[in-house]
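*Asks:* Got query.cif for you, mmCIF, C-alpha atoms and all ligand atoms:
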data_target
loop_
_atom_site.label_atom_id
_atom_site.label_comp_id
_atom_site.auth_asym_id
_atom_site.auth_seq_id
_atom_site.Cartn_x
_atom_site.Cartn_y
_atom_site.Cartn_z
CA MET T 1 79.25 -42.84 -24.47
CA VAL T 2 81.42 -45.91 -24.49
CA ALA T 3 84.76 -45.38 -26.06
CA ARG T 4 88.04 -47.07 -26.39
CA PHE T 5 91.13 -45.65 -27.93
CA VAL T 6 94.38 -47.11 -28.98
CA ILE T 7 97.24 -45.00 -30.13
CA GLY T 8 100.25 -46.35 -31.85
CA ARG T 9 103.10 -45.15 -33.92
CA ALA T 10 103.45 -46.39 -37.43
CA SER T 11 107.15 -46.88 -36.91
CA LYS T 12 106.72 -49.13 -33.91
CA ALA T 13 106.95 -52.87 -34.08
CA LEU T 14 103.84 -52.98 -31.94
CA ASN T 15 101.78 -51.22 -34.52
CA PRO T 16 100.29 -54.14 -36.41
CA PHE T 17 98.91 -55.40 -33.15
CA LEU T 18 97.14 -52.17 -32.48
CA HIS T 19 94.80 -52.59 -35.36
CA HIS T 20 93.72 -56.12 -34.52
CA SER T 21 94.43 -56.39 -30.88
CA PRO T 22 92.72 -59.41 -29.42
CA ALA T 23 94.05 -58.60 -26.00
CA LEU T 24 92.68 -55.11 -25.95
CA SER T 25 89.40 -55.96 -27.56
CA GLN T 26 88.89 -58.84 -25.16
CA CYS T 27 89.04 -56.54 -22.20
CA LEU T 28 86.36 -54.33 -23.64
CA PRO T 29 82.64 -54.76 -23.83
CA ARG T 30 81.59 -56.53 -26.96
CA THR T 31 78.95 -53.89 -27.52
CA MET T 32 81.69 -51.38 -28.04
CA LEU T 33 82.85 -53.17 -31.08
CA SER T 34 79.51 -52.98 -32.80
CA VAL T 35 78.76 -49.60 -34.06
CA GLY T 36 78.25 -46.16 -33.15
CA LYS T 37 78.28 -42.57 -33.79
CA GLN T 38 81.58 -41.05 -34.67
CA SER T 39 83.20 -39.40 -31.73
CA LEU T 40 85.57 -36.54 -31.41
CA PHE T 41 88.39 -39.06 -31.03
CA GLU T 42 87.64 -40.63 -34.34
CA ASN T 43 86.99 -37.38 -36.16
CA LYS T 44 90.31 -35.99 -35.18
CA LEU T 45 92.56 -38.97 -35.26
CA GLY T 46 90.95 -41.59 -37.39
CA PRO T 47 91.59 -42.22 -41.03
CA ARG T 48 93.26 -38.89 -41.64
CA ASN T 49 96.09 -39.82 -39.38
CA SER T 50 98.81 -42.44 -39.45
CA ARG T 51 98.05 -43.35 -35.85
CA SER T 52 95.27 -45.70 -35.07
CA MET T 53 92.58 -44.47 -32.77
CA VAL T 54 89.61 -46.74 -32.31
CA VAL T 55 86.40 -45.45 -30.83
CA ARG T 56 83.05 -47.12 -30.65
CA SER T 57 79.89 -45.99 -28.96
CA THR T 58 76.91 -47.51 -27.23
CA PRO T 59 74.16 -46.04 -25.03
CA ARG T 60 75.44 -44.91 -21.64
CA LEU T 61 72.96 -46.93 -19.63
CA ASP T 62 74.48 -50.21 -20.79
CA LEU T 63 77.97 -49.28 -19.78
CA ALA T 64 78.34 -50.86 -16.35
CA GLU T 65 76.71 -54.06 -17.47
CA ALA T 66 78.74 -54.21 -20.65
CA VAL T 67 82.02 -53.58 -18.86
CA SER T 68 81.32 -56.19 -16.24
CA SER T 69 80.23 -58.85 -18.70
CA ALA T 70 83.29 -58.22 -20.85
CA LEU T 71 85.56 -58.54 -17.85
CA ASP T 72 83.80 -61.71 -16.78
CA ALA T 73 84.31 -63.10 -20.25
CA ASP T 74 88.07 -62.67 -20.12
CA THR T 75 89.31 -66.25 -20.01
CA ARG T 76 92.92 -65.57 -20.80
CA VAL T 77 95.45 -67.05 -18.41
CA PRO T 78 97.04 -64.41 -16.18
CA ALA T 79 100.81 -64.12 -16.17
CA THR T 80 102.99 -62.60 -13.49
CA VAL T 81 106.50 -61.40 -14.28
CA ILE T 82 108.95 -61.51 -11.39
CA THR T 83 111.90 -59.27 -11.86
CA GLY T 84 114.60 -57.78 -9.67
CA PHE T 85 118.34 -57.38 -9.60
CA LEU T 86 120.75 -60.31 -9.20
CA GLY T 87 120.27 -61.95 -5.84
CA SER T 88 117.32 -59.80 -4.81
CA GLY T 89 115.21 -62.83 -3.89
CA LYS T 90 113.25 -63.74 -7.03
CA THR T 91 113.67 -67.50 -6.65
CA THR T 92 112.92 -67.19 -2.94
CA LEU T 93 109.65 -65.43 -3.77
CA LEU T 94 108.85 -68.00 -6.43
CA ASN T 95 109.28 -70.79 -3.91
CA HIS T 96 107.06 -68.91 -1.51
CA ILE T 97 104.40 -68.66 -4.21
CA LEU T 98 104.69 -72.34 -5.11
CA THR T 99 104.42 -73.54 -1.55
CA ALA T 100 101.73 -71.11 -0.35
CA GLN T 101 98.17 -72.31 0.11
CA HIS T 102 96.37 -70.36 -2.58
CA GLY T 103 94.81 -73.27 -4.42
CA LYS T 104 96.11 -72.16 -7.80
CA ARG T 105 98.08 -74.37 -10.14
CA ILE T 106 101.04 -72.49 -11.47
CA ALA T 107 103.15 -72.93 -14.55
CA VAL T 108 106.60 -71.43 -14.12
CA ILE T 109 108.89 -70.15 -16.80
CA GLU T 110 112.39 -69.92 -15.43
CA ASN T 111 114.97 -67.84 -17.16
CA GLU T 112 118.51 -69.00 -16.52
CA PHE T 113 121.38 -66.95 -17.79
CA GLY T 114 124.05 -69.47 -18.67
CA GLU T 115 124.47 -73.13 -19.27
CA VAL T 116 123.82 -74.49 -15.83
CA ASP T 117 120.22 -74.64 -14.75
CA ILE T 118 120.34 -74.04 -11.02
CA ASP T 119 117.20 -72.08 -10.27
CA SER T 120 114.80 -74.64 -11.68
CA THR T 121 116.26 -77.27 -9.37
CA LEU T 122 115.85 -74.93 -6.44
CA VAL T 123 112.30 -74.18 -7.48
CA ALA T 124 111.32 -77.77 -8.26
CA ASP T 125 112.68 -78.91 -4.93
CA HIS T 126 110.41 -76.55 -3.12
CA SER T 127 107.30 -77.07 -5.12
CA SER T 128 104.66 -79.16 -3.41
CA VAL T 129 102.08 -79.17 -6.15
CA ALA T 130 102.25 -82.02 -8.62
CA GLU T 131 100.85 -79.98 -11.47
CA ASP T 132 103.48 -77.27 -11.28
CA ILE T 133 105.14 -77.03 -14.62
CA ILE T 134 108.64 -75.68 -14.80
CA MET T 135 110.05 -74.62 -18.12
CA VAL T 136 113.55 -73.29 -18.34
CA ASN T 137 114.99 -70.98 -20.86
CA ASN T 138 118.74 -70.51 -21.14
CA GLY T 139 119.54 -67.00 -22.17
CA CYS T 140 118.02 -63.66 -21.42
CA LEU T 141 114.31 -63.38 -22.10
CA CYS T 142 114.51 -59.67 -22.61
CA CYS T 143 116.96 -59.69 -25.49
CA THR T 144 118.41 -62.56 -27.45
CA VAL T 145 115.71 -65.12 -26.87
CA ARG T 146 112.52 -63.11 -26.57
CA GLY T 147 111.07 -65.32 -29.29
CA ASP T 148 111.58 -68.22 -26.89
CA LEU T 149 109.22 -66.63 -24.43
CA VAL T 150 106.54 -66.49 -27.09
CA LYS T 151 107.18 -70.13 -27.98
CA MET T 152 107.06 -71.23 -24.35
CA LEU T 153 103.87 -69.33 -23.61
CA LEU T 154 102.17 -70.73 -26.66
CA LYS T 155 103.38 -74.26 -25.92
CA LEU T 156 101.98 -73.98 -22.42
CA VAL T 157 98.55 -72.79 -23.50
CA LYS T 158 98.38 -75.18 -26.41
CA GLU T 159 99.53 -78.36 -24.73
CA LYS T 160 98.93 -77.96 -21.01
CA ARG T 161 96.22 -75.35 -20.60
CA ASP T 162 94.06 -77.63 -18.45
CA LYS T 163 96.91 -78.21 -16.02
CA PHE T 164 97.46 -74.70 -14.66
CA ASP T 165 95.56 -71.56 -13.66
CA ARG T 166 98.28 -68.98 -14.02
CA ILE T 167 101.81 -68.47 -15.26
CA VAL T 168 104.71 -67.01 -13.34
CA ILE T 169 107.81 -65.93 -15.23
CA GLU T 170 111.06 -65.35 -13.38
CA THR T 171 113.44 -63.21 -15.38
CA THR T 172 117.18 -63.03 -14.91
CA GLY T 173 118.54 -60.36 -12.62
CA LEU T 174 119.89 -58.43 -15.55
CA ALA T 175 116.71 -58.48 -17.62
CA LYS T 176 115.07 -55.29 -18.79
CA PRO T 177 111.35 -55.65 -18.14
CA SER T 178 110.04 -53.69 -21.11
CA PRO T 179 110.69 -56.25 -23.86
CA VAL T 180 109.09 -58.92 -21.71
CA ILE T 181 106.04 -56.71 -21.11
CA GLU T 182 105.82 -55.86 -24.78
CA THR T 183 105.76 -59.55 -25.67
CA PHE T 184 102.27 -59.71 -24.16
CA CYS T 185 101.10 -56.91 -26.43
CA SER T 186 103.05 -57.40 -29.58
CA ASP T 187 102.46 -61.06 -30.23
CA GLU T 188 98.91 -61.51 -31.36
CA LEU T 189 98.65 -65.18 -30.40
CA VAL T 190 100.12 -64.63 -26.97
CA ALA T 191 97.80 -61.67 -26.40
CA ARG T 192 94.84 -63.83 -27.34
CA HIS T 193 95.58 -66.50 -24.74
CA VAL T 194 97.63 -64.83 -22.02
CA LYS T 195 97.18 -61.54 -20.22
CA LEU T 196 99.85 -59.79 -18.26
CA ASP T 197 98.60 -59.59 -14.69
CA GLY T 198 101.47 -57.65 -13.22
CA VAL T 199 105.17 -57.05 -12.88
CA VAL T 200 106.51 -57.81 -9.40
CA THR T 201 109.93 -56.37 -8.64
CA LEU T 202 112.11 -57.64 -5.84
CA VAL T 203 114.47 -55.14 -4.27
CA ASP T 204 117.44 -56.24 -2.20
CA CYS T 205 117.36 -53.63 0.54
CA LYS T 206 120.98 -54.19 1.39
CA HIS T 207 122.40 -53.53 -2.06
CA ALA T 208 119.69 -51.78 -4.06
CA MET T 209 120.83 -48.22 -3.46
CA GLN T 210 124.23 -49.04 -4.86
CA HIS T 211 122.68 -50.51 -8.03
CA LEU T 212 120.16 -47.70 -8.43
CA ASN T 213 122.95 -45.15 -8.16
CA ASP T 214 125.18 -46.97 -10.59
CA VAL T 215 125.98 -44.42 -13.27
CA LYS T 216 125.91 -46.08 -16.66
CA PRO T 217 127.41 -44.80 -19.89
CA ARG T 218 125.03 -42.77 -22.00
CA TRP T 219 122.38 -44.92 -23.70
CA VAL T 220 123.12 -47.84 -21.41
CA VAL T 221 120.14 -48.83 -19.36
CA ASN T 222 120.39 -49.16 -15.60
CA GLU T 223 118.50 -52.44 -15.18
CA ALA T 224 117.88 -51.90 -11.48
CA VAL T 225 116.14 -48.57 -12.16
CA GLU T 226 114.14 -50.01 -15.05
CA GLN T 227 112.98 -52.95 -12.98
CA VAL T 228 111.61 -50.57 -10.35
CA ALA T 229 110.10 -48.23 -12.93
CA TYR T 230 108.01 -50.91 -14.66
CA ALA T 231 106.76 -52.57 -11.49
CA ASP T 232 103.13 -52.89 -10.47
CA ARG T 233 104.23 -54.29 -7.12
CA ILE T 234 107.54 -53.74 -5.37
CA ILE T 235 108.82 -55.98 -2.60
CA LEU T 236 111.46 -54.41 -0.42
CA ASN T 237 113.13 -57.69 0.45
CA LYS T 238 115.87 -58.55 2.94
CA ILE T 239 114.69 -55.97 5.45
CA ASP T 240 116.47 -58.03 8.09
CA LEU T 241 119.76 -56.76 6.70
CA VAL T 242 119.15 -53.00 6.98
CA SER T 243 118.29 -50.40 9.61
CA GLU T 244 115.00 -48.50 9.76
CA ALA T 245 116.74 -45.38 8.52
CA GLU T 246 118.28 -47.16 5.52
CA LEU T 247 114.93 -48.68 4.70
CA GLU T 248 113.22 -45.32 4.81
CA THR T 249 115.78 -43.71 2.53
CA LEU T 250 115.52 -46.56 0.06
CA ALA T 251 111.71 -46.55 0.10
CA LYS T 252 111.76 -42.84 -0.68
CA ARG T 253 114.14 -43.34 -3.54
CA ILE T 254 112.04 -46.16 -4.96
CA ARG T 255 108.87 -44.12 -4.59
CA ASN T 256 110.50 -41.32 -6.53
CA ILE T 257 111.23 -43.63 -9.43
CA ASN T 258 107.84 -45.31 -9.35
CA GLY T 259 105.01 -43.47 -7.67
CA MET T 260 102.45 -45.90 -9.05
CA ALA T 261 103.39 -49.31 -7.65
CA GLN T 262 102.26 -50.63 -4.29
CA ILE T 263 105.16 -51.46 -1.99
CA GLN T 264 105.51 -54.11 0.73
CA GLN T 265 108.44 -54.96 2.94
CA ALA T 266 109.49 -58.58 3.33
CA LYS T 267 111.94 -61.07 4.70
CA PHE T 268 112.67 -63.97 2.37
CA GLY T 269 109.94 -62.82 -0.01
CA ALA T 270 107.19 -63.62 2.46
CA VAL T 271 104.32 -61.47 1.25
CA ASP T 272 100.58 -62.07 0.97
CA MET T 273 99.70 -63.92 -2.20
CA ASP T 274 97.10 -61.25 -3.01
CA PHE T 275 99.94 -58.80 -3.25
CA VAL T 276 101.64 -60.66 -6.09
CA LEU T 277 98.90 -62.69 -7.78
CA GLY T 278 95.73 -61.17 -9.20
CA VAL T 279 97.31 -57.73 -9.42
CA GLY T 280 95.34 -56.61 -12.47
CA GLY T 281 98.07 -54.13 -13.29
CA TYR T 282 96.83 -53.73 -16.83
CA ASP T 283 93.09 -53.93 -16.13
CA LEU T 284 91.28 -50.72 -16.84
CA ASP T 285 88.71 -51.38 -14.12
CA ARG T 286 91.45 -51.51 -11.47
CA ILE T 287 93.16 -48.28 -12.40
CA GLU T 288 91.38 -46.00 -9.99
CA SER T 289 92.47 -48.03 -6.99
CA GLU T 290 95.98 -48.31 -8.38
CA ILE T 291 96.70 -44.62 -8.65
CA HIS T 292 98.29 -43.22 -5.54
CA VAL T 293 99.94 -40.05 -4.47
CA ASP T 294 102.58 -40.08 -1.79
CA SER T 295 100.58 -39.21 1.26
CA ASN T 296 97.00 -38.53 2.20
CA GLN T 297 98.03 -35.10 3.28
CA HIS T 298 99.23 -34.28 -0.20
CA ALA T 299 96.21 -35.85 -1.79
CA ALA T 300 93.82 -33.89 0.38
CA HIS T 301 95.66 -30.68 -0.24
CA HIS T 302 95.72 -31.11 -3.97
CA CYS T 303 92.16 -32.32 -4.13
CA GLU T 304 90.95 -29.34 -2.21
CA HIS T 305 92.79 -26.74 -4.16
CA GLY T 306 93.21 -28.36 -7.51
CA HIS T 307 96.98 -28.16 -7.58
CA ASP T 308 99.28 -30.72 -9.05
CA HIS T 309 101.57 -33.07 -7.27
CA HIS T 310 105.02 -34.11 -8.35
CA ASP T 311 107.27 -36.64 -6.72
CA HIS T 312 110.43 -34.66 -6.96
CA VAL T 313 113.52 -36.39 -8.19
CA HIS T 314 116.92 -34.84 -8.60
CA ASP T 315 119.17 -37.81 -8.92
CA SER T 316 117.65 -40.10 -11.49
CA ALA T 317 116.64 -39.71 -15.09
CA VAL T 318 113.73 -42.05 -14.40
CA SER T 319 111.00 -40.60 -12.25
CA SER T 320 107.27 -40.36 -11.62
CA VAL T 321 105.03 -37.39 -12.10
CA SER T 322 101.60 -37.47 -10.50
CA ILE T 323 98.86 -35.01 -11.22
CA VAL T 324 95.82 -34.81 -8.99
CA SER T 325 93.52 -32.01 -9.96
CA GLU T 326 89.85 -31.21 -9.80
CA GLY T 327 88.05 -30.22 -12.98
CA THR T 328 86.84 -31.41 -16.33
CA LEU T 329 89.04 -31.88 -19.35
CA ASP T 330 88.23 -31.05 -22.91
CA LEU T 331 88.33 -34.45 -24.56
CA ASP T 332 89.64 -33.08 -27.83
CA GLU T 333 92.42 -31.14 -26.17
CA PHE T 334 93.33 -34.05 -23.95
CA ASN T 335 93.44 -36.42 -26.86
CA ASP T 336 95.69 -34.07 -28.82
CA TRP T 337 97.99 -33.75 -25.86
CA VAL T 338 98.30 -37.50 -25.33
CA GLU T 339 98.91 -37.98 -29.00
CA ARG T 340 101.69 -35.40 -29.01
CA LEU T 341 103.18 -36.82 -25.86
CA VAL T 342 103.30 -40.32 -27.25
CA ASP T 343 104.66 -39.08 -30.52
CA GLU T 344 107.44 -37.07 -28.96
CA LYS T 345 108.18 -39.03 -25.80
CA GLY T 346 106.79 -42.51 -26.42
CA ASP T 347 110.14 -44.23 -25.99
CA ASP T 348 110.76 -42.49 -22.69
CA LEU T 349 107.26 -42.93 -21.34
CA TYR T 350 107.44 -46.28 -19.55
CA ARG T 351 104.03 -46.38 -17.91
CA MET T 352 101.06 -44.12 -17.49
CA LYS T 353 97.68 -44.47 -15.87
CA GLY T 354 94.85 -42.06 -15.46
CA VAL T 355 91.32 -41.51 -14.26
CA ILE T 356 89.91 -38.38 -15.79
CA SER T 357 86.76 -36.37 -16.07
CA VAL T 358 86.01 -35.34 -19.63
CA ASN T 359 83.34 -33.16 -21.12
CA GLU T 360 80.35 -34.88 -22.69
CA SER T 361 80.56 -37.69 -20.15
CA THR T 362 78.79 -38.38 -16.89
CA GLY T 363 81.38 -40.95 -15.92
CA ARG T 364 85.06 -41.32 -15.34
CA TYR T 365 87.35 -42.12 -18.24
CA VAL T 366 90.22 -44.47 -17.43
CA PHE T 367 93.32 -45.15 -19.47
CA GLN T 368 96.64 -46.90 -19.12
CA GLY T 369 99.62 -47.22 -21.36
CA VAL T 370 103.05 -48.67 -21.91
CA HIS T 371 105.15 -46.47 -24.16
CA SER T 372 102.98 -45.67 -27.16
CA VAL T 373 100.36 -48.36 -26.61
CA ILE T 374 97.44 -46.78 -24.84
CA ASP T 375 94.18 -48.34 -23.88
CA GLY T 376 91.22 -46.57 -22.37
CA CYS T 377 87.50 -46.77 -21.77
CA PRO T 378 84.73 -45.12 -19.76
CA ALA T 379 84.28 -46.26 -16.18
CA LYS T 380 82.10 -45.63 -13.13
CA ALA T 381 79.76 -42.66 -13.19
CA TRP T 382 80.49 -39.62 -11.05
CA GLU T 383 78.00 -39.35 -8.18
CA PRO T 384 75.78 -36.27 -8.15
CA GLY T 385 77.73 -33.55 -6.36
CA GLU T 386 80.94 -35.61 -6.34
CA LYS T 387 84.12 -33.66 -6.97
CA ARG T 388 85.58 -34.63 -10.29
CA ILE T 389 89.18 -35.31 -9.40
CA ASN T 390 91.49 -36.18 -12.26
CA LYS T 391 94.38 -38.44 -11.32
CA LEU T 392 97.24 -39.19 -13.66
CA VAL T 393 100.59 -40.83 -13.08
CA PHE T 394 103.45 -40.93 -15.55
CA ILE T 395 106.65 -42.92 -15.11
CA GLY T 396 109.46 -42.35 -17.51
CA ARG T 397 112.85 -41.07 -18.40
CA ASN T 398 113.58 -37.35 -18.41
CA LEU T 399 109.97 -36.42 -17.79
CA ASP T 400 109.43 -32.69 -18.04
CA GLU T 401 107.34 -32.01 -14.98
CA ILE T 402 106.58 -28.42 -15.80
CA ALA T 403 105.60 -29.18 -19.37
CA LEU T 404 103.35 -32.05 -18.29
CA LYS T 405 101.57 -29.90 -15.72
CA LYS T 406 101.20 -27.05 -18.12
CA ALA T 407 99.83 -29.25 -20.88
CA PHE T 408 97.39 -30.88 -18.49
CA LYS T 409 96.15 -27.51 -17.29
CA GLY T 410 95.74 -26.45 -20.88
CA CYS T 411 93.22 -29.28 -21.33
CA LEU T 412 91.03 -28.20 -18.41
CA ILE T 413 87.82 -26.46 -19.33
N1 LIG P 1 119.02 -62.31 4.78
C1 LIG P 1 118.16 -62.52 3.81
N2 LIG P 1 118.51 -63.29 2.77
C2 LIG P 1 117.61 -63.50 1.81
C3 LIG P 1 116.32 -62.92 1.83
N3 LIG P 1 115.66 -63.28 0.71
C4 LIG P 1 116.49 -64.07 0.01
N4 LIG P 1 117.67 -64.21 0.66
C5 LIG P 1 118.84 -64.97 0.24
O1 LIG P 1 119.47 -64.26 -0.83
C6 LIG P 1 120.07 -65.16 -1.74
C7 LIG P 1 119.58 -64.88 -3.16
O2 LIG P 1 118.19 -65.19 -3.21
P1 LIG P 1 117.52 -65.70 -4.54
O3 LIG P 1 116.09 -65.93 -4.25
O4 LIG P 1 118.29 -66.82 -5.14
O5 LIG P 1 117.71 -64.42 -5.43
P2 LIG P 1 117.48 -64.27 -7.00
O6 LIG P 1 116.97 -62.91 -7.24
O7 LIG P 1 116.64 -65.39 -7.51
O8 LIG P 1 118.95 -64.44 -7.51
P3 LIG P 1 119.48 -64.52 -9.05
O9 LIG P 1 118.69 -65.62 -9.69
O10 LIG P 1 120.92 -64.80 -8.91
O11 LIG P 1 119.24 -63.19 -9.67
C8 LIG P 1 119.71 -66.55 -1.24
O12 LIG P 1 120.77 -67.04 -0.50
C9 LIG P 1 118.50 -66.31 -0.35
O13 LIG P 1 118.36 -67.29 0.64
C10 LIG P 1 115.97 -62.08 2.96
O14 LIG P 1 114.88 -61.51 3.07
N5 LIG P 1 116.94 -61.92 3.89
#
Represent the structure from my file as structure tokens, please.
Ligand SMILES: Nc1nc2c(ncn2[C@@H]2O[C@H](COP(=O)(O)OP(=O)(O)OP(=O)(O)O)[C@@H](O)[C@H]2O)c(=O)[nH]1

*Replies:*
Amino acid sequence: MVARFVIGRASKALNPFLHHSPALSQCLPRTMLSVGKQSLFENKLGPRNSRSMVVRSTPRLDLAEAVSSALDADTRVPATVITGFLGSGKTTLLNHILTAQHGKRIAVIENEFGEVDIDSTLVADHSSVAEDIIMVNNGCLCCTVRGDLVKMLLKLVKEKRDKFDRIVIETTGLAKPSPVIETFCSDELVARHVKLDGVVTLVDCKHAMQHLNDVKPRWVVNEAVEQVAYADRIILNKIDLVSEAELETLAKRIRNINGMAQIQQAKFGAVDMDFVLGVGGYDLDRIESEIHVDSNQHAAHHCEHGHDHHDHVHDSAVSSVSIVSEGTLDLDEFNDWVERLVDEKGDDLYRMKGVISVNESTGRYVFQGVHSVIDGCPAKAWEPGEKRINKLVFIGRNLDEIALKKAFKGCLI
């Protein structure tokens, strides 16, 4: 069975995209879009329901080939979003990217908050590649001028596509990442030409704890927490300014907020290019390698005994919940659960990723989502005798750990 599902809420601005998503359909095998028998997904959540749930089928044997050819065919330009609090080292990282020997031509979208364009001068000065294209936007990409981001992306792909291989967007230190991420999904033209490769968050080790702990009035977002929560990669920068003990405490705090992202420590943003470019944070075929639990010890324990794992958080409304559990899930039950979850908690559910074993399938099923946009498809087959370990990670606000675990268990056969 080859299946893909997309869930959306009718009330969401993203919804029109869900029905005609070029971005999602491009990352799926073309064969999926041809035909097939109706599946349980479709029967339960198709036309009878206001949500869209798209499922197509094709013979199982073609799956690996179909997935790989579809991925090969993805010619969209990858875009990296660099975020992080004020002064955390975003421009420093950008300069590192522009001067590193990776052989890629990079178009940069700089987001300056205010009249004076300082960062682009700093960036341009450091750039050694003639083709680097720097575009500057005055204002905050995440709120007032989000439309500008769409315009800039489209201008780049329309007028200069042959001059660059990837796009890097540096947001302002006060930007919320979610509207920027949603731009890649919600604008059909952007989604057709550009794919979000990953969100890289810089953390200033010296000052981050203070910003993360900053108590905001109700309904006011703590940008520092959000920037960590949405990250695919986190760079603990400025490690030269803190002690080992401070670093350890901070890393733990960050891990509690986001148990999904890979973390690297750095001085002056000096990280391997592979860590920040080619992340594939939204690629379904990369999900299995992207899902982590805190330590091998925990993973082994939970794998052996089929318990769940939760990264406990007491001091932040934003946290991660990881579930690692052996077994097979009832597809129908699981689908119902995800639908309910998205319906009730979609706004609070920042990111989720999962590799699951479902009945009626000899292979893994992978899915990933941002709020109520969820994308999934079958993946690698389980080996004969291989333990079927389900791995799910949720990042969000006010996640109910007990309810999530209970609901998950309720889906196990
Ligand atoms: N000591 C130390 N300083 C650093 C490091 N990384 C960056 N800096 C310095 O920190 C300052 C801020 O760095 P930027 O790269 O401009 O930070 P930014 O996130 O782009 O700043 P905004 O655009 O204001 O949000 C600069 O003076 C950098 O040279 C580091 O690892 N250690």

*Asks:* Produce as a PyMOL selection string the set of residues near ligand LIG 1 (chain P), where near means within 10 Å with all atoms listed in the file considered.

*Replies:* chain T and resi 82-96+110-113+118-119+122-123+170-175+201-206+235-242+265-270

*Asks:* Would you put the residues from that selection into a file with C-alpha atoms, as an mmCIF file, in the coordinates of the input?

*Replies:*
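Done, and the output landed in out.cif:
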data_model
loop_
_atom_site.group_PDB
_atom_site.id
_atom_site.type_symbol
_atom_site.label_atom_id
_atom_site.label_comp_id
_atom_site.auth_asym_id
_atom_site.auth_seq_id
_atom_site.Cartn_x
_atom_site.Cartn_y
_atom_site.Cartn_z
ATOM 1 C CA ILE T 82 108.950 -61.510 -11.390
ATOM 2 C CA THR T 83 111.900 -59.270 -11.860
ATOM 3 C CA GLY T 84 114.600 -57.780 -9.670
ATOM 4 C CA PHE T 85 118.340 -57.380 -9.600
ATOM 5 C CA LEU T 86 120.750 -60.310 -9.200
ATOM 6 C CA GLY T 87 120.270 -61.950 -5.840
ATOM 7 C CA SER T 88 117.320 -59.800 -4.810
ATOM 8 C CA GLY T 89 115.210 -62.830 -3.890
ATOM 9 C CA LYS T 90 113.250 -63.740 -7.030
ATOM 10 C CA THR T 91 113.670 -67.500 -6.650
ATOM 11 C CA THR T 92 112.920 -67.190 -2.940
ATOM 12 C CA LEU T 93 109.650 -65.430 -3.770
ATOM 13 C CA LEU T 94 108.850 -68.000 -6.430
ATOM 14 C CA ASN T 95 109.280 -70.790 -3.910
ATOM 15 C CA HIS T 96 107.060 -68.910 -1.510
ATOM 16 C CA GLU T 110 112.390 -69.920 -15.430
ATOM 17 C CA ASN T 111 114.970 -67.840 -17.160
ATOM 18 C CA GLU T 112 118.510 -69.000 -16.520
ATOM 19 C CA PHE T 113 121.380 -66.950 -17.790
ATOM 20 C CA ILE T 118 120.340 -74.040 -11.020
ATOM 21 C CA ASP T 119 117.200 -72.080 -10.270
ATOM 22 C CA LEU T 122 115.850 -74.930 -6.440
ATOM 23 C CA VAL T 123 112.300 -74.180 -7.480
ATOM 24 C CA GLU T 170 111.060 -65.350 -13.380
ATOM 25 C CA THR T 171 113.440 -63.210 -15.380
ATOM 26 C CA THR T 172 117.180 -63.030 -14.910
ATOM 27 C CA GLY T 173 118.540 -60.360 -12.620
ATOM 28 C CA LEU T 174 119.890 -58.430 -15.550
ATOM 29 C CA ALA T 175 116.710 -58.480 -17.620
ATOM 30 C CA THR T 201 109.930 -56.370 -8.640
ATOM 31 C CA LEU T 202 112.110 -57.640 -5.840
ATOM 32 C CA VAL T 203 114.470 -55.140 -4.270
ATOM 33 C CA ASP T 204 117.440 -56.240 -2.200
ATOM 34 C CA CYS T 205 117.360 -53.630 0.540
ATOM 35 C CA LYS T 206 120.980 -54.190 1.390
ATOM 36 C CA ILE T 235 108.820 -55.980 -2.600
ATOM 37 C CA LEU T 236 111.460 -54.410 -0.420
ATOM 38 C CA ASN T 237 113.130 -57.690 0.450
ATOM 39 C CA LYS T 238 115.870 -58.550 2.940
ATOM 40 C CA ILE T 239 114.690 -55.970 5.450
ATOM 41 C CA ASP T 240 116.470 -58.030 8.090
ATOM 42 C CA LEU T 241 119.760 -56.760 6.700
ATOM 43 C CA VAL T 242 119.150 -53.000 6.980
ATOM 44 C CA GLN T 265 108.440 -54.960 2.940
ATOM 45 C CA ALA T 266 109.490 -58.580 3.330
ATOM 46 C CA LYS T 267 111.940 -61.070 4.700
ATOM 47 C CA PHE T 268 112.670 -63.970 2.370
ATOM 48 C CA GLY T 269 109.940 -62.820 -0.010
ATOM 49 C CA ALA T 270 107.190 -63.620 2.460
#

*Asks:* I'd like the interatomic distance between atom CA of Val228 of chain T and atom CA of Val200 of chain T, to a tenth of an Å.

*Replies:* 8.9 Å

*Asks:* Please measure the separation of atom CA of Glu339 of chain T and atom CA of Gly259 of chain T, giving the value in Å to one decimal.

*Replies:*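 Spanning atom CA of Glu339 of chain T to atom CA of Gly259 of chain T is a straight-line distance of 22.9 Å.
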
*Asks:* Let me make sure I understand: among T:Pro384, T:Gly346, T:Gly198, T:Gly147, which one has the smallest atom-to-atom distance to Leu277 of chain T if we use all atoms listed in the file?

*Replies:*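 Of the candidates, the smallest distance to Leu277 of chain T is held by T:Gly198.
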
*Asks:* So, counting all atoms listed in the file, which residue among T:Val168, T:Leu341, T:Ile323, T:Val81 is closest to Lys409 of chain T?

*Replies:*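 Nearest to Lys409 of chain T: T:Ile323.
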
*Asks:* Could you tell me which of T:Met273, T:Ala224, T:Leu98, T:Ile395 comes closest to Gly354 of chain T if we count all atoms listed in the file?

*Replies:*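 Checking each candidate against Gly354 of chain T, we get T:Ile395 as the closest.
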
*Asks:* Nearest residue to Thr183 of chain T out of T:Ile356, T:Ile257, T:Leu250, T:Val150, using all atoms listed in the file?

*Replies:*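 The shortest atom-to-atom distance to Thr183 of chain T comes from T:Val150.
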